[in-house]
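Participant: What follows is coords-v7.txt, made up of compact mmCIF, C-alpha atoms:
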```txt
# COMPACT_ATOMS: atom_id res chain seq x y z
CA MET A 1 14.19 14.03 -8.51
CA ASN A 2 17.64 14.52 -7.09
CA GLU A 3 20.90 13.62 -8.86
CA ASN A 4 21.31 10.39 -6.96
CA ALA A 5 17.77 9.28 -7.63
CA ARG A 6 18.20 9.85 -11.36
CA ASN A 7 20.89 7.18 -11.36
CA TRP A 8 18.96 4.66 -9.35
CA PRO A 9 18.68 1.28 -11.06
CA THR A 10 15.62 -0.08 -12.79
CA VAL A 11 14.50 -3.48 -14.00
CA THR A 12 12.93 -2.45 -17.30
CA ALA A 13 15.20 0.54 -18.04
CA ALA A 14 12.29 2.92 -17.43
CA PRO A 15 11.11 3.85 -13.92
CA ALA A 16 7.53 4.29 -15.12
CA ARG A 17 7.48 0.76 -16.53
CA ASP A 18 9.00 -0.52 -13.31
CA LEU A 19 6.28 1.22 -11.36
CA VAL A 20 3.56 -0.28 -13.53
CA THR A 21 5.08 -3.75 -13.11
CA PHE A 22 5.32 -3.24 -9.34
CA ILE A 23 1.70 -2.13 -9.09
CA ALA A 24 0.47 -4.95 -11.35
CA LEU A 25 2.23 -7.59 -9.25
CA LEU A 26 1.01 -5.94 -6.07
CA VAL A 27 -2.59 -6.07 -7.29
CA VAL A 28 -2.25 -9.75 -8.19
CA MET A 29 -0.78 -10.45 -4.75
CA LEU A 30 -3.64 -8.61 -3.06
CA LEU A 31 -6.24 -10.47 -5.12
CA LEU A 32 -4.68 -13.83 -4.28
CA SER A 33 -4.05 -13.03 -0.62
CA GLU A 34 -7.44 -14.40 0.40
CA ARG A 35 -6.12 -17.87 -0.48
CA LEU A 36 -3.49 -17.51 2.24
CA ARG A 37 -6.00 -17.64 5.10
CA VAL A 38 -5.58 -20.80 7.14
CA TYR A 39 -7.16 -22.29 10.26
CA TYR A 40 -9.72 -19.53 10.67
CA GLU A 41 -12.95 -21.49 10.29
CA VAL A 42 -14.20 -24.99 10.84
CA THR A 43 -17.30 -27.06 10.34
CA VAL A 44 -17.75 -29.33 13.32
CA VAL A 45 -19.67 -32.50 12.46
CA ASP A 46 -20.76 -35.28 14.77
CA VAL A 47 -22.24 -38.53 13.57
CA THR A 48 -23.94 -41.05 15.86
CA VAL A 49 -25.83 -44.21 15.12
CA ALA A 50 -28.41 -46.25 17.01
CA ARG A 51 -29.98 -49.62 16.20
CA ILE A 52 -33.68 -50.13 16.79
CA LEU A 53 -34.59 -53.77 17.01
CA PRO A 54 -37.91 -55.15 15.72
CA ASN A 55 -39.18 -55.28 19.33
CA GLY A 56 -38.56 -51.51 19.63
CA ARG A 57 -35.49 -51.76 21.84
CA GLU A 58 -32.91 -49.09 20.97
CA GLU A 59 -29.18 -49.50 21.44
CA THR A 60 -26.46 -47.00 20.71
CA LEU A 61 -23.71 -48.33 18.47
CA PRO A 62 -20.12 -47.13 18.39
CA THR A 63 -19.68 -44.62 15.57
CA PRO A 64 -17.56 -46.23 12.85
CA ARG A 65 -14.09 -44.71 12.58
CA VAL A 66 -14.76 -43.52 9.05
CA PHE A 67 -17.26 -41.04 10.55
CA ALA A 68 -14.97 -39.78 13.31
CA ARG A 69 -14.03 -36.51 11.57
CA PRO A 70 -16.30 -36.07 8.56
CA GLY A 71 -14.68 -33.75 6.06
CA SER A 72 -11.85 -33.02 8.52
CA GLY A 73 -13.63 -29.76 9.32
CA PHE A 74 -13.37 -28.39 5.79
CA TRP A 75 -16.83 -29.17 4.42
CA ARG A 76 -19.20 -26.27 3.94
CA PRO A 77 -22.13 -26.54 6.36
CA GLU A 78 -24.75 -26.60 3.61
CA LYS A 79 -23.00 -29.57 2.01
CA VAL A 80 -22.61 -31.71 5.13
CA VAL A 81 -25.73 -33.83 4.66
CA ASP A 82 -25.16 -34.25 0.92
CA LEU A 83 -21.66 -35.52 1.61
CA VAL A 84 -22.26 -37.65 4.70
CA LYS A 85 -25.41 -39.42 3.48
CA PRO A 86 -23.79 -41.31 0.57
CA GLU A 87 -21.01 -42.39 2.92
CA ILE A 88 -23.59 -43.79 5.33
CA GLU A 89 -25.30 -45.63 2.49
CA ASN A 90 -21.99 -47.06 1.32
CA TYR A 91 -21.11 -48.10 4.82
CA MET A 92 -24.43 -49.77 5.46
CA ARG A 93 -24.32 -51.65 2.17
CA SER A 94 -20.96 -53.18 2.99
CA SER A 95 -21.13 -53.55 6.76
CA ALA A 96 -22.00 -56.57 8.82
CA TRP A 97 -24.60 -54.49 10.67
CA SER A 98 -27.03 -54.71 7.78
CA SER A 99 -26.14 -58.21 6.65
CA GLU A 100 -26.59 -59.65 10.14
CA ALA A 101 -29.61 -57.60 11.12
CA ALA A 102 -32.95 -59.26 11.65
CA ALA A 103 -35.84 -58.22 9.44
CA GLY A 104 -37.43 -55.01 10.70
CA THR A 105 -34.27 -53.65 12.28
CA ARG A 106 -33.66 -49.98 11.69
CA PHE A 107 -30.48 -47.93 12.00
CA VAL A 108 -30.97 -44.32 12.96
CA TRP A 109 -28.07 -42.14 11.95
CA THR A 110 -27.93 -38.66 13.46
CA ILE A 111 -25.76 -36.04 11.82
CA ARG A 112 -25.27 -32.88 13.86
CA TRP A 113 -23.13 -29.99 12.75
CA ALA A 114 -22.32 -26.31 13.19
CA ARG A 115 -20.09 -23.77 11.55
CA ASN A 116 -17.41 -22.25 13.80
CA SER A 117 -19.06 -23.56 16.93
CA THR A 118 -19.08 -26.65 19.09
CA ARG A 119 -22.78 -26.18 19.83
CA LEU A 120 -24.07 -28.41 17.06
CA ASP A 121 -27.39 -26.77 16.36
CA GLN A 122 -28.08 -28.31 12.95
CA GLN A 123 -29.37 -31.84 12.85
CA TYR A 124 -30.43 -34.43 10.30
CA ARG A 125 -31.69 -37.93 11.00
CA TYR A 126 -31.36 -40.67 8.47
CA VAL A 127 -33.13 -43.94 9.08
CA TRP A 128 -31.71 -46.95 7.32
CA LYS A 129 -34.04 -49.90 7.01
CA LEU A 130 -33.23 -53.19 5.39
CA GLY A 131 -34.44 -52.99 1.83
CA ASP A 132 -35.25 -49.31 1.80
CA ALA A 133 -34.26 -46.03 3.44
CA GLU A 134 -36.29 -43.23 4.88
CA THR A 135 -35.27 -39.85 6.23
CA LYS A 136 -36.55 -37.50 8.89
CA MET B 1 2.77 21.94 -0.01
CA PRO B 2 5.06 21.49 -3.05
CA LYS B 3 7.92 20.86 -0.60
CA ARG B 4 5.89 18.18 1.10
CA SER B 5 5.00 16.50 -2.19
CA ARG B 6 8.64 16.57 -3.32
CA PHE B 7 9.57 14.91 -0.02
CA ASP B 8 6.93 12.24 -0.49
CA THR B 9 8.05 11.52 -4.05
CA SER B 10 11.66 11.21 -3.02
CA GLN B 11 10.71 8.90 -0.14
CA LEU B 12 8.68 6.75 -2.51
CA GLN B 13 11.53 6.64 -5.01
CA ARG B 14 13.90 5.54 -2.29
CA PHE B 15 11.38 2.95 -1.10
CA LEU B 16 11.10 1.44 -4.57
CA PHE B 17 14.31 2.19 -6.43
CA GLU B 18 17.07 2.17 -3.87
CA PRO B 19 19.85 -0.10 -5.19
CA VAL B 20 19.90 -3.59 -3.75
CA SER B 21 23.11 -5.06 -2.38
CA ALA B 22 24.50 -7.65 -4.81
CA ARG B 23 25.75 -9.76 -1.91
CA SER B 24 22.36 -9.87 -0.19
CA ALA B 25 20.74 -10.73 -3.50
CA ALA B 26 23.20 -13.60 -3.96
CA VAL B 27 22.51 -14.91 -0.45
CA PHE B 28 18.77 -14.75 -1.04
CA ARG B 29 19.11 -16.41 -4.47
CA ILE B 30 20.95 -19.41 -3.03
CA ALA B 31 18.58 -19.66 -0.06
CA LEU B 32 15.54 -19.39 -2.32
CA ALA B 33 16.81 -22.19 -4.56
CA GLY B 34 17.22 -24.43 -1.50
CA MET B 35 13.82 -23.49 -0.10
CA LEU B 36 12.09 -24.12 -3.44
CA ALA B 37 13.73 -27.54 -3.74
CA TRP B 38 12.46 -28.46 -0.28
CA ALA B 39 8.99 -26.95 -0.54
CA PHE B 40 8.14 -28.30 -4.00
CA HIS B 41 9.01 -31.96 -3.57
CA SER B 42 5.66 -33.39 -4.62
CA LEU B 43 6.01 -36.99 -5.65
CA ARG B 44 3.57 -38.19 -3.00
CA LEU B 45 1.03 -35.44 -3.67
CA GLN B 46 -1.96 -35.59 -6.00
CA ARG B 47 -3.64 -32.93 -8.07
CA ALA B 48 -6.35 -31.02 -6.24
CA PRO B 49 -9.96 -31.87 -7.25
CA PRO B 50 -10.77 -28.53 -9.02
CA LEU B 51 -8.17 -29.38 -11.66
CA SER B 52 -10.40 -32.19 -12.92
CA ALA B 53 -12.62 -29.52 -14.45
CA VAL B 54 -9.80 -28.20 -16.66
CA PRO B 55 -9.69 -29.99 -20.03
CA GLY B 56 -6.44 -31.83 -20.54
CA ALA B 57 -5.21 -31.09 -17.03
CA LEU B 58 -5.59 -34.63 -15.81
CA TRP B 59 -3.59 -35.98 -18.73
CA ALA B 60 -0.85 -33.35 -18.32
CA TYR B 61 -0.53 -34.02 -14.59
CA SER B 62 -0.50 -37.80 -15.01
CA HIS B 63 1.87 -37.97 -17.97
CA ILE B 64 4.15 -34.96 -17.58
CA ILE B 65 3.99 -32.89 -14.42
CA LEU B 66 3.87 -35.50 -11.67
CA ARG B 67 6.64 -37.50 -13.28
CA ARG B 68 10.24 -37.90 -12.24
CA PRO B 69 11.77 -36.30 -15.37
CA TYR B 70 9.78 -33.12 -14.74
CA PHE B 71 11.23 -32.88 -11.24
CA LEU B 72 14.65 -33.69 -12.60
CA VAL B 73 14.45 -30.69 -14.93
CA ILE B 74 13.32 -28.53 -12.03
CA GLY B 75 16.24 -29.81 -9.94
CA VAL B 76 18.76 -28.95 -12.64
CA LEU B 77 17.25 -25.49 -13.08
CA LEU B 78 17.29 -24.92 -9.32
CA MET B 79 20.99 -25.74 -9.25
CA ALA B 80 21.57 -23.35 -12.14
CA PHE B 81 19.57 -20.70 -10.29
CA ALA B 82 21.56 -21.23 -7.10
CA ALA B 83 24.80 -21.01 -9.09
CA GLY B 84 23.67 -17.72 -10.55
CA LEU B 85 23.53 -18.97 -14.14
CA ARG B 86 21.33 -16.39 -15.88
CA PRO B 87 19.13 -16.21 -12.78
CA ARG B 88 16.53 -13.94 -14.32
CA ILE B 89 15.76 -16.22 -17.27
CA VAL B 90 16.13 -19.39 -15.22
CA GLY B 91 13.95 -17.82 -12.52
CA PHE B 92 11.10 -17.17 -14.93
CA ILE B 93 11.37 -20.67 -16.43
CA LEU B 94 11.35 -22.15 -12.92
CA PHE B 95 8.29 -20.07 -12.09
CA SER B 96 6.40 -21.46 -15.08
CA LEU B 97 7.44 -25.03 -14.27
CA LEU B 98 6.61 -24.76 -10.58
CA LEU B 99 3.28 -23.00 -11.13
CA PRO B 100 1.34 -26.23 -11.89
CA LEU B 101 2.68 -27.70 -8.64
CA ALA B 102 0.89 -24.99 -6.66
CA SER B 103 -2.45 -26.73 -7.21
CA LEU B 104 -1.76 -30.06 -5.57
CA THR B 105 -3.41 -31.57 -2.52
CA ALA B 106 -1.03 -29.97 -0.04
CA GLY B 107 1.05 -26.86 0.33
CA GLN B 108 -1.06 -24.58 -1.84
CA GLU B 109 -0.58 -21.57 0.41
CA SER B 110 3.15 -22.00 0.97
CA ARG B 111 3.72 -22.58 -2.74
CA GLN B 112 1.78 -19.45 -3.61
CA VAL B 113 3.97 -17.48 -1.21
CA LEU B 114 7.20 -18.93 -2.57
CA LEU B 115 6.16 -18.56 -6.21
CA THR B 116 5.41 -14.89 -5.61
CA ALA B 117 8.84 -14.52 -4.05
CA LEU B 118 10.46 -16.29 -7.01
CA LEU B 119 8.61 -14.19 -9.58
CA ALA B 120 9.53 -10.95 -7.83
CA PHE B 121 13.12 -11.97 -7.16
CA SER B 122 13.63 -13.02 -10.78
CA MET B 123 13.43 -9.33 -11.68
CA LEU B 124 16.79 -8.76 -9.99
CA ARG B 125 20.25 -9.26 -11.47
CA SER B 126 21.21 -11.50 -8.62
CA ASP B 127 24.29 -12.90 -10.39
CA GLU B 128 26.49 -9.90 -9.63
CA GLN B 129 28.19 -11.78 -6.80
CA TRP B 130 28.64 -15.42 -5.78
CA SER B 131 27.80 -16.70 -9.24
CA LEU B 132 29.54 -18.33 -12.21
CA ARG B 133 29.49 -14.95 -13.97
CA ALA B 134 31.13 -13.24 -11.00
CA LEU B 135 33.78 -15.97 -10.93
CA ARG B 136 34.61 -15.22 -14.55
CA GLN B 137 35.17 -11.64 -13.44
CA ASP B 138 33.32 -10.08 -16.36
CA GLY B 139 32.26 -6.97 -14.52
CA THR B 140 30.70 -7.39 -11.10
CA ARG B 141 28.59 -4.64 -9.64
CA GLY B 142 27.63 -3.70 -6.12
CA SER B 143 23.95 -3.45 -6.97
CA ALA B 144 21.59 -6.15 -8.20
CA GLY B 145 18.92 -3.67 -9.28
CA PRO B 146 16.15 -1.69 -7.62
CA ILE B 147 14.69 -2.76 -4.32
CA TRP B 148 11.05 -2.93 -5.40
CA PRO B 149 11.09 -6.70 -6.10
CA ILE B 150 12.26 -7.17 -2.51
CA ARG B 151 9.48 -4.83 -1.36
CA LEU B 152 7.00 -7.15 -3.06
CA ILE B 153 8.41 -10.09 -1.11
CA GLN B 154 8.20 -8.06 2.10
CA ILE B 155 4.60 -7.12 1.33
CA GLN B 156 3.84 -10.78 0.65
CA LEU B 157 4.97 -11.66 4.15
CA THR B 158 2.84 -8.89 5.60
CA LEU B 159 -0.14 -10.19 3.62
CA VAL B 160 0.34 -13.72 5.00
CA TYR B 161 0.05 -12.49 8.57
CA GLY B 162 -2.33 -9.63 7.77
CA VAL B 163 -5.06 -11.63 6.03
CA ASN B 164 -4.89 -14.29 8.72
CA THR B 165 -5.23 -11.69 11.44
CA LEU B 166 -8.26 -10.17 9.72
CA ALA B 167 -9.83 -13.58 9.10
CA LYS B 168 -9.46 -14.49 12.78
CA LEU B 169 -10.84 -11.24 14.17
CA THR B 170 -14.23 -12.82 14.79
CA PRO B 171 -16.00 -13.46 18.09
CA ALA B 172 -16.09 -17.18 17.30
CA TYR B 173 -12.32 -17.35 16.87
CA LEU B 174 -11.42 -15.06 19.77
CA SER B 175 -13.68 -17.02 22.12
CA GLY B 176 -11.68 -20.13 21.30
CA GLU B 177 -14.68 -21.98 19.83
CA ILE B 178 -13.04 -22.40 16.45
CA LEU B 179 -9.81 -23.69 17.98
CA VAL B 180 -11.77 -26.25 20.00
CA GLY B 181 -13.68 -27.27 16.88
CA MET B 182 -10.49 -27.57 14.84
CA SER B 183 -8.82 -29.69 17.51
CA ARG B 184 -11.79 -32.07 17.22
CA MET B 185 -12.01 -32.11 13.44
CA HIS B 186 -8.56 -31.56 11.94
CA PRO B 187 -6.44 -34.73 12.08
CA ASN B 188 -3.24 -32.66 12.08
CA PHE B 189 -4.05 -31.03 15.42
CA LEU B 190 -1.75 -32.43 18.06
CA VAL B 191 -3.73 -31.24 21.09
CA ASP B 192 -7.25 -31.78 22.31
CA LEU B 193 -8.79 -28.50 23.37
CA SER B 194 -12.26 -29.88 24.11
CA HIS B 195 -11.91 -29.14 27.81
CA GLY B 196 -11.24 -25.45 27.03
CA PHE B 197 -7.56 -25.30 27.91
CA LEU B 198 -4.34 -25.41 25.95
CA HIS B 199 -1.65 -27.33 27.82
CA LEU B 200 1.87 -26.43 26.77
CA ALA B 201 4.53 -27.81 29.10
CA SER B 202 3.54 -26.38 32.50
CA LEU B 203 1.39 -23.67 30.96
CA HIS B 204 -2.40 -24.07 31.08
CA LEU B 205 -3.98 -21.37 28.98
CA PRO B 206 -7.72 -20.89 28.57
CA VAL B 207 -8.34 -21.51 24.90
CA SER B 208 -9.84 -18.03 24.45
CA THR B 209 -6.60 -16.51 25.76
CA ALA B 210 -4.56 -18.67 23.41
CA ALA B 211 -6.73 -17.66 20.44
CA THR B 212 -6.52 -13.96 21.30
CA ALA B 213 -2.76 -14.21 21.80
CA ALA B 214 -2.32 -15.93 18.43
CA VAL B 215 -4.26 -13.18 16.66
CA MET B 216 -2.30 -10.44 18.45
CA ILE B 217 1.01 -12.08 17.56
CA GLU B 218 0.03 -12.43 13.91
CA ALA B 219 -1.00 -8.77 13.86
CA PHE B 220 2.34 -7.83 15.40
CA LEU B 221 4.19 -9.91 12.80
CA ALA B 222 2.27 -8.17 10.01
CA VAL B 223 3.35 -4.75 11.24
CA GLY B 224 6.55 -5.23 13.25
CA PHE B 225 8.87 -5.98 10.36
CA TRP B 226 8.22 -2.54 8.91
CA VAL B 227 9.59 -0.77 11.99
CA PRO B 228 13.39 -0.81 11.55
CA ARG B 229 14.12 -1.04 15.28
CA LEU B 230 11.73 -3.97 15.65
CA VAL B 231 12.89 -6.13 12.74
CA TRP B 232 15.03 -8.56 14.75
CA PRO B 233 12.67 -8.73 17.78
CA THR B 234 9.79 -9.34 15.37
CA ALA B 235 11.70 -12.15 13.67
CA ALA B 236 12.45 -13.67 17.09
CA VAL B 237 8.77 -13.47 18.06
CA GLY B 238 7.85 -15.01 14.71
CA VAL B 239 10.22 -17.94 15.09
CA ALA B 240 9.06 -18.55 18.67
CA PHE B 241 5.42 -18.32 17.54
CA HIS B 242 5.91 -20.88 14.79
CA LEU B 243 7.86 -23.20 17.08
CA VAL B 244 5.05 -23.15 19.64
CA LEU B 245 2.52 -23.59 16.85
CA GLN B 246 4.28 -26.76 15.71
CA ARG B 247 3.42 -28.31 19.08
CA VAL B 248 -0.25 -27.50 18.52
CA VAL B 249 -0.80 -28.24 14.85
CA GLN B 250 1.24 -29.87 12.11
CA ILE B 251 1.33 -27.34 9.29
CA TYR B 252 2.50 -28.59 5.92
CA MET B 253 4.90 -25.81 4.91
CA LEU B 254 3.37 -22.34 5.33
CA ASP B 255 5.15 -21.69 8.62
CA LEU B 256 8.53 -22.52 7.10
CA ALA B 257 7.80 -20.51 3.95
CA SER B 258 6.81 -17.53 6.10
CA MET B 259 9.94 -17.77 8.23
CA PHE B 260 12.00 -18.03 5.06
CA LEU B 261 10.57 -14.71 3.91
CA TYR B 262 11.95 -13.07 7.08
CA LEU B 263 15.17 -12.88 5.04
CA ALA B 264 13.50 -10.18 2.96
CA PHE B 265 13.61 -8.00 6.07
CA LEU B 266 16.70 -9.33 7.82
CA LEU B 267 19.29 -9.13 5.05
CA PRO B 268 21.06 -5.78 4.58
CA TRP B 269 19.44 -4.84 1.28
CA PRO B 270 20.70 -1.31 0.55
CA ALA B 271 23.79 -1.45 -1.65
CA PRO B 272 26.97 0.31 -0.51
CA SER B 273 26.59 3.97 -1.48
CA GLN B 274 29.64 4.12 -3.82
CA ASP B 275 27.97 1.56 -6.07
CA SER B 276 24.52 3.01 -6.04
CA SER B 277 25.05 5.24 -9.05
CA ARG B 278 25.89 2.32 -11.33
CA ASN B 279 22.95 1.06 -13.26
```
Please express what this file holds, its structure, as structure tokens.

Facilitator:
Amino acid sequence: MNENARNWPTVTAAPARDLVTFIALLVVMLLLSERLRVYYEVTVVDVTVARILPNGREETLPTPRVFARPGSGFWRPEKVVDLVKPEIENYMRSSAWSSEAAAGTRFVWTIRWARNSTRLDQQYRYVWKLGDAETK
Amino acid sequence: MPKRSRFDTSQLQRFLFEPVSARSAAVFRIALAGMLAWAFHSLRLQRAPPLSAVPGALWAYSHIILRRPYFLVIGVLLMAFAAGLRPRIVGFILFSLLLPLASLTAGQESRQVLLTALLAFSMLRSDEQWSLRALRQDGTRGSAGPIWPIRLIQIQLTLVYGVNTLAKLTPAYLSGEILVGMSRMHPNFLVDLSHGFLHLASLHLPVSTAATAAVMIEAFLAVGFWVPRLVWPTAAVGVAFHLVLQRVVQIYMLDLASMFLYLAFLLPWPAPSQDSSRN
């Protein structure tokens, strides 16, 4: 250590303690750095719905706005169905679609999703029937 | 070999213990107080869901932390910090008061970055100039302490860009697929990239080119600040990058927090040599 370096300032009055503090804070920063990643992955989810009338005629319905961006892209792919399904059930319970539907009408909800891709290769169909619900 | 190791040690000592300019420390202290006041206004934010699992957290957030008096105390302390009133003690108190606000529904990343900066900076005697103590003339010094707390802030900035570069070095990101997906899913995206192009003014970039360029720029920002000749050009590239980014996606605060940390590279940190021997 040269003469000048011997007189360099410290925070804790001992360079060794300073060094330990520096390294400790550096390690904490490195461990927490993973939390600083942003906009590097996305879960793309698409929800569509069709109504099948008692006579078998199928008509595509406009997807309700509440299902336009499910999870805003942040949901983990394996959780998509678990999170979307209750929302569909809630929606159907309160919407005019089910209250105005004739007996025997079914609503087929299709949830498609993919992680980090726009090719939505995962799919789940949820059939809502008045009175009960079945899934495919 | 011993010569080489002595050289390395001396370089490392200089890197960590070189005296910091008291004036630069004062400038950074005042700027940091202002930035913290802006970045931590939280009255419209809610606690993030994971906090519900912590016993007592909900009560503390509802009855103490997300209340006006709590922010009032923080405001007073920030003013004291800016004025250089015992900035080390006040800095550590501020850190402990602001820490719970880093787990709210927005700004978690930017708050983590700024809290790290506050914690590191609170190690310095930043009241040697432009402070109430300096006004009273009871012994001002040219140095605010060793430079290693500033090095931590510099490293923090590098980590922000570095971890994002590494996270985006994937075929899915570089092909533009993720950007297209985000433009469909994230409500804060201001552009629709579904057709595979990014339109910025008269520029029509294929989305894969835009994604690759973004990753390259972030990599450059992670490294460029450490090359003395490139500090100012890197800062200019960084500011331009974040300005363009604001036309693509509305980011809560991380871009501003990152640009704020440029000060850790831009300010003249080494203290004047005649003062460097004073401890």

Participant: Kindly provide, as a PyMOL selection string, the residues of chain B having any atom no farther than 9 Å from an atom of chain A, counting all atoms listed in the file.

Facilitator: chain B and resi 6+9-10+13-14+16-20+108-110+112-113+116+120+123-125+143-149+152+155-156+159-161+163-165+167-168+172-173+177-182+184-187+254+276-279

Participant: Taking C-alpha atoms for each residue, export the selection above as a compact mmCIF listing (two decimals), in the frame of the given file.

Facilitator:
```
# COMPACT_ATOMS: atom_id res chain seq x y z
CA ARG B 6 8.64 16.57 -3.32
CA THR B 9 8.05 11.52 -4.05
CA SER B 10 11.66 11.21 -3.02
CA GLN B 13 11.53 6.64 -5.01
CA ARG B 14 13.90 5.54 -2.29
CA LEU B 16 11.10 1.44 -4.57
CA PHE B 17 14.31 2.19 -6.43
CA GLU B 18 17.07 2.17 -3.87
CA PRO B 19 19.85 -0.10 -5.19
CA VAL B 20 19.90 -3.59 -3.75
CA GLN B 108 -1.06 -24.58 -1.84
CA GLU B 109 -0.58 -21.57 0.41
CA SER B 110 3.15 -22.00 0.97
CA GLN B 112 1.78 -19.45 -3.61
CA VAL B 113 3.97 -17.48 -1.21
CA THR B 116 5.41 -14.89 -5.61
CA ALA B 120 9.53 -10.95 -7.83
CA MET B 123 13.43 -9.33 -11.68
CA LEU B 124 16.79 -8.76 -9.99
CA ARG B 125 20.25 -9.26 -11.47
CA SER B 143 23.95 -3.45 -6.97
CA ALA B 144 21.59 -6.15 -8.20
CA GLY B 145 18.92 -3.67 -9.28
CA PRO B 146 16.15 -1.69 -7.62
CA ILE B 147 14.69 -2.76 -4.32
CA TRP B 148 11.05 -2.93 -5.40
CA PRO B 149 11.09 -6.70 -6.10
CA LEU B 152 7.00 -7.15 -3.06
CA ILE B 155 4.60 -7.12 1.33
CA GLN B 156 3.84 -10.78 0.65
CA LEU B 159 -0.14 -10.19 3.62
CA VAL B 160 0.34 -13.72 5.00
CA TYR B 161 0.05 -12.49 8.57
CA VAL B 163 -5.06 -11.63 6.03
CA ASN B 164 -4.89 -14.29 8.72
CA THR B 165 -5.23 -11.69 11.44
CA ALA B 167 -9.83 -13.58 9.10
CA LYS B 168 -9.46 -14.49 12.78
CA ALA B 172 -16.09 -17.18 17.30
CA TYR B 173 -12.32 -17.35 16.87
CA GLU B 177 -14.68 -21.98 19.83
CA ILE B 178 -13.04 -22.40 16.45
CA LEU B 179 -9.81 -23.69 17.98
CA VAL B 180 -11.77 -26.25 20.00
CA GLY B 181 -13.68 -27.27 16.88
CA MET B 182 -10.49 -27.57 14.84
CA ARG B 184 -11.79 -32.07 17.22
CA MET B 185 -12.01 -32.11 13.44
CA HIS B 186 -8.56 -31.56 11.94
CA PRO B 187 -6.44 -34.73 12.08
CA LEU B 254 3.37 -22.34 5.33
CA SER B 276 24.52 3.01 -6.04
CA SER B 277 25.05 5.24 -9.05
CA ARG B 278 25.89 2.32 -11.33
CA ASN B 279 22.95 1.06 -13.26
```

Participant: Show me, as a PyMOL selection string, the residues that have an atom within 6 Å of segment 98-112 of chain A when counting all atoms listed in the file, minus same-chain residues fewer than 4 positions from it.

Facilitator: chain A and resi 45-54+120+122-129

Participant: To one decimal place, how far is atom CA of Val215 of chain B from atom CA of Leu169 of chain B in Å?

Facilitator: 7.3 Å

Participant: Using only C-alpha atoms, which protein or nucleic acid residues come within 6 Å of segment 95-104 of chain B? Drop anything in the same chain fewer than 5 positions from it, and give the result as number ranges by chain.

Facilitator: B: 46-48, 111

Participant: Just C-alpha atoms for this one: save the residues we selected as a PDB file, keeping the file's coordinate frame.

Facilitator:
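The result, written out as result30.pdb:
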```pdb
ATOM      1  CA  GLN B  46      -1.960 -35.590  -6.000  1.00  0.00           C
ATOM      2  CA  ARG B  47      -3.640 -32.930  -8.070  1.00  0.00           C
ATOM      3  CA  ALA B  48      -6.350 -31.020  -6.240  1.00  0.00           C
ATOM      4  CA  ARG B 111       3.720 -22.580  -2.740  1.00  0.00           C
TER       5      ARG B 111
END
```

Participant: What's the separation between atom CA of Ser95 of chain A and atom CA of Gly56 of chain A, in Å to one decimal place?

Facilitator: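 Computed distance, atom CA of Ser95 of chain A to atom CA of Gly56 of chain A, equals 21.8 Å.
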
Participant: Which residues are near Val207 of chain B? Cut-off 10 Å, all atoms listed in the file, ignore same chain within fewer than 5 positions. Put them as a list of chain:residue names.

Facilitator: B:Tyr173, B:Leu174, B:Ser175, B:Gly176, B:Glu177, B:Ile178, B:Leu179, B:Val180, B:Leu193, B:Ser194, B:His195, B:Gly196, B:Phe197, B:Leu198, B:His199, B:Thr212, B:Ala213

Participant: Which residue, B:Trp269, B:Leu118, B:Phe260, B:Thr105, has the smallest gap to Pro49 of chain B when you use only C-alpha atoms?

Facilitator: B:Thr105

Participant: If you measure from atom CA of Asn188 of chain B to atom CA of His204 of chain B, what distance in Å do you get, rounded to one decimal?

Facilitator: 20.9 Å

Participant: Can you tell me which residues surround segment 32-43 of chain B at a distance of at most 9 Å, considering only C-alpha atoms, apart from same-chain residues fewer than 3 positions away, and format the answer as a count of residues only?

Facilitator: 30

Participant: Could you check the closest approach to Tyr70 of chain B for each of B:Val54, B:Val223, B:Ala211, B:Leu94 and tell me which residue wins, using only C-alpha atoms?

Facilitator: B:Leu94

Participant: Skip Val249 of chain B itself and residues of its chain fewer than 6 positions away, then list as a PyMOL selection string all residues within 8 Å of it, counting only C-alpha atoms.

Facilitator: chain B and resi 188-191

Participant: Return as JSON the centre and edge lengths, in Å with one decimal, of the box along x, y and z that encloses every atom of segment 6-20 of chain A in the file, padded by 8 Å per side.

Facilitator:
```
{"center_x": 12.2, "center_y": 3.2, "center_z": -13.7, "size_x": 33.3, "size_y": 29.3, "size_z": 24.7}
```

Participant: May I ask which of the residues A:Val27, A:Ala96, A:Phe67, A:Trp113 is the closest one to Val80 of chain A, counting all atoms listed in the file?

Facilitator: A:Trp113

Participant: Pull segment 120-134 of chain B out of the block and emit C-alpha atoms, as a PDB file, in the first residue's frame.

Facilitator:
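See part-v4.pdb below for the written result:
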```pdb
ATOM      1  CA  ALA B 120     -25.266   2.716  -0.351  1.00  0.00           C
ATOM      2  CA  PHE B 121     -25.221   6.507  -0.462  1.00  0.00           C
ATOM      3  CA  SER B 122     -26.089   6.752   3.235  1.00  0.00           C
ATOM      4  CA  MET B 123     -22.613   5.385   3.950  1.00  0.00           C
ATOM      5  CA  LEU B 124     -21.105   8.665   2.739  1.00  0.00           C
ATOM      6  CA  ARG B 125     -20.605  11.871   4.709  1.00  0.00           C
ATOM      7  CA  SER B 126     -22.478  13.829   2.113  1.00  0.00           C
ATOM      8  CA  ASP B 127     -22.945  16.885   4.358  1.00  0.00           C
ATOM      9  CA  GLU B 128     -19.438  18.239   3.799  1.00  0.00           C
ATOM     10  CA  GLN B 129     -20.751  20.797   1.324  1.00  0.00           C
ATOM     11  CA  TRP B 130     -24.112  22.394   0.520  1.00  0.00           C
ATOM     12  CA  SER B 131     -25.582  21.452   3.877  1.00  0.00           C
ATOM     13  CA  LEU B 132     -26.665  23.119   7.121  1.00  0.00           C
ATOM     14  CA  ARG B 133     -23.441  21.862   8.722  1.00  0.00           C
ATOM     15  CA  ALA B 134     -21.323  23.371   5.952  1.00  0.00           C
TER      16      ALA B 134
END
```
